[in-house]
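Quick notes on the structure that follows.
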Amino acid sequence: MECRGFDDQLVRHDPKVQALMKQFVGVRVVQFNGTDLARFQFDYDMTFAMFLMNADGTIYGRFGSRSDMKEADREISIDGLGKTLAAALELHKGYPANKSSFVAKTGPAPRFNRPEEYPSLKGRYQPTLDAAKPVQSCMHCHQALEAERKMFRAARQPIPDEFLYTWPMPDVVGLSLDPKEKARVRRVAPGSSAEKDGFKAGDEIVTLGGQPIISIADVQFVMQFAKAPASLKAEVSRAGKKTALNLTLTEGWRKQSDIGWRPSSWDVRRMATGGLKVDALAGEGLAKSGLGANELALEIKHAGEYGEHAAAKNAGFRKGDVIVSIDGLTKRMTEGEWLAYLIAKPAGSKITATVLRGGQRMELQLPTQ
Amino acid sequence: MLNRFILLTGLLLASAGATNAAENRLERVQKDRTEVTAGGLWVYNDLDQGFAEARRTGKPLAIVFR
């Protein structure tokens, strides 16, 4: 269970957070079955997400961000949560006079109102848990995202970027935010669009796209539902003074986001690679392979064994193989880039790959599904 | 015949592994409920009750999905 340490502090031990939490009605939801998808829109690949709300359903803000599988709590901290909770209490004090500023914090209508209405989940899950089998009948949040992607795949349509490169971190446009703060800029990447937009380290993002911002997740929410290209109006507090800026999202901005860490990417691997999990060779492994730093060198770390996850294995791919060419491409890629390239191929394609196995090169056909 | 035996044994072992994993997870879920509700700060897995409590007290909600 990722985020366990963080969750443990929140629920039981941290005195600062406990004092703030006493001013809220805390609700802990441990199932996704029956969830109102119109109201609760968040990054469904996370294992911890918080909504700060009014009793009438108005959303003040969200908390919870993630960008890595191993370090699940890299983008969150108890300090940051404390500041977000305090900011939500301030917004609550100003309610309902400030109500209109929260309208856009509820996202656009989803395709289905409940996750179990998706065709691939219908019949498998019910809106409530089976008391006799609570674990087996419990749906995971990421299954809703997988079900959405399956709709496009089944219709032989490309999966739109917003469902593939979902909920990118602001780092993608060059804004690294401090997890110990609400939404304070820690670093601006040189040459990035955020730098060109005039953002500076230390800026506290107060509003974005007209919405009050009280967390990194709030920034992600505005970006997730923006139509690219876009220029989002931002207000930042810089050395105590309000400054107006724009945050530019260029066409295809999401594609810089690495989706390899996401639990829902297992299903992308099934569709795009026939069930292969790969990792870009680096360091000693790359040196041993004899491949150059700019050459494609994706080592197969796992080849699925069951059902459609075994398609690549059945096509001859093996754990330990190093993929050195795919569809004629030999340029270095991350796993995210490899998945992004292959998921754009129609289901049922056979893509020529060259693998390195025991020092020998061999050609295989990678199946998409 | 040997192949069928190996397949059956494999399926039984996989099934036992899956059952153990489900039992472990069930234990964790049950423990989580006991520990979380013991503090008295959290409504457990009941959004309707949470919203009703927020309306009654005038407090905002902090809803965690885990």
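Residue numbering restarts at 1 in every chain; chains get A, B, ... in the order shown in the structure tokens, and ligands count up from 1 in that same order.
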
Check your understanding: Which residues, written as a ChimeraX atom specification, have at least one atom at most 7 Å from range 223-235 of chain A, with only C-alpha atoms counted and residues fewer than 5 positions away on the same chain left out?
Key -> /A:162,166-167,205-210,242-251

Practice item. Report the residues of range 196-302 of chain A whose backbone DSSP state falls under helix (DSSP H, G or I), written as a PyMOL selection string. Key: chain A and resi 196-197+216-224+253-256+265-273+283-289

Okay, now the selection with C-alpha atoms, as a short mmCIF file (atom, residue, chain, number, x, y, z; two decimals), in the first residue's frame?
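result.cif written:
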```cif
data_model
loop_
_atom_site.label_atom_id
_atom_site.label_comp_id
_atom_site.auth_asym_id
_atom_site.auth_seq_id
_atom_site.Cartn_x
_atom_site.Cartn_y
_atom_site.Cartn_z
CA LYS A 196 9.11 32.43 -21.08
CA ASP A 197 5.79 33.20 -19.35
CA ILE A 216 -0.47 21.39 -6.55
CA ALA A 217 -3.47 19.16 -7.37
CA ASP A 218 -5.53 22.32 -8.03
CA VAL A 219 -2.95 23.45 -10.59
CA GLN A 220 -3.10 19.99 -12.19
CA PHE A 221 -6.89 20.13 -12.30
CA VAL A 222 -6.92 23.42 -14.25
CA MET A 223 -4.28 22.10 -16.66
CA GLN A 224 -6.01 18.73 -17.10
CA TRP A 253 2.21 19.84 -24.21
CA ARG A 254 1.04 16.73 -22.37
CA LYS A 255 3.22 14.39 -24.41
CA GLN A 256 6.23 15.32 -22.26
CA SER A 265 -0.35 1.89 -17.81
CA TRP A 266 -0.40 -1.90 -17.34
CA ASP A 267 -3.46 -1.89 -19.54
CA VAL A 268 -1.77 0.47 -22.01
CA ARG A 269 1.09 -2.08 -22.13
CA ARG A 270 -1.42 -4.83 -22.93
CA MET A 271 -2.87 -2.80 -25.80
CA ALA A 272 0.32 -1.20 -27.13
CA THR A 273 2.99 -3.85 -26.52
CA GLY A 283 24.90 2.96 -16.60
CA GLU A 284 26.65 -0.39 -16.46
CA GLY A 285 23.82 -2.21 -18.25
CA LEU A 286 24.06 0.16 -21.19
CA ALA A 287 27.86 -0.12 -21.27
CA LYS A 288 27.65 -3.93 -21.27
CA SER A 289 25.19 -3.89 -24.15
#
```

**Study point:** Interface residues on chain A facing chain B, 10 Å, only C-alpha atoms, written as an MDAnalysis selection string
**Key:** chainID A and resid 1:4 7:8 11:12 18 21:32 35 40 42 44 46:64 85 88:89 91:93 133:136 140:141

Practice item. Write out as a PyMOL selection string the residues lying within 9 Å of Lys83 in chain A, counting only C-alpha atoms and excluding same-chain residues fewer than 6 positions away. Key: chain A and resi 180-182+214-215

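As for CA of Gly202 in chain A and CA of Arg187 in chain A, they are spaced 7.9 Å apart.
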
Counting only C-alpha atoms, what is within 8 Å of Met333 in chain A, bar same-chain residues fewer than 5 positions away, as a CSV table (one decimal) with C-alpha atoms, in the first residue's frame?
```
chain,number,residue,atom,x,y,z
A,280,ALA,CA,15.7,2.2,-20.7
A,296,LEU,CA,17.3,2.7,-28.4
A,297,ALA,CA,18.0,0.3,-25.6
A,298,LEU,CA,14.9,-0.9,-23.8
A,338,TRP,CA,7.8,3.9,-26.3
```

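Our summary of the geometry notes that CA of Gly252 in chain A is positioned 23.7 Å from CA of Glu75 in chain A.
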
Review point. Which neighbours of Ile159 in chain A fall inside 9 Å, counting only C-alpha atoms, when residues of the same chain fewer than 2 positions from it are skipped, and could you give them as a PyMOL selection string?
Key: chain A and resi 148-153+157+161-164+343-344
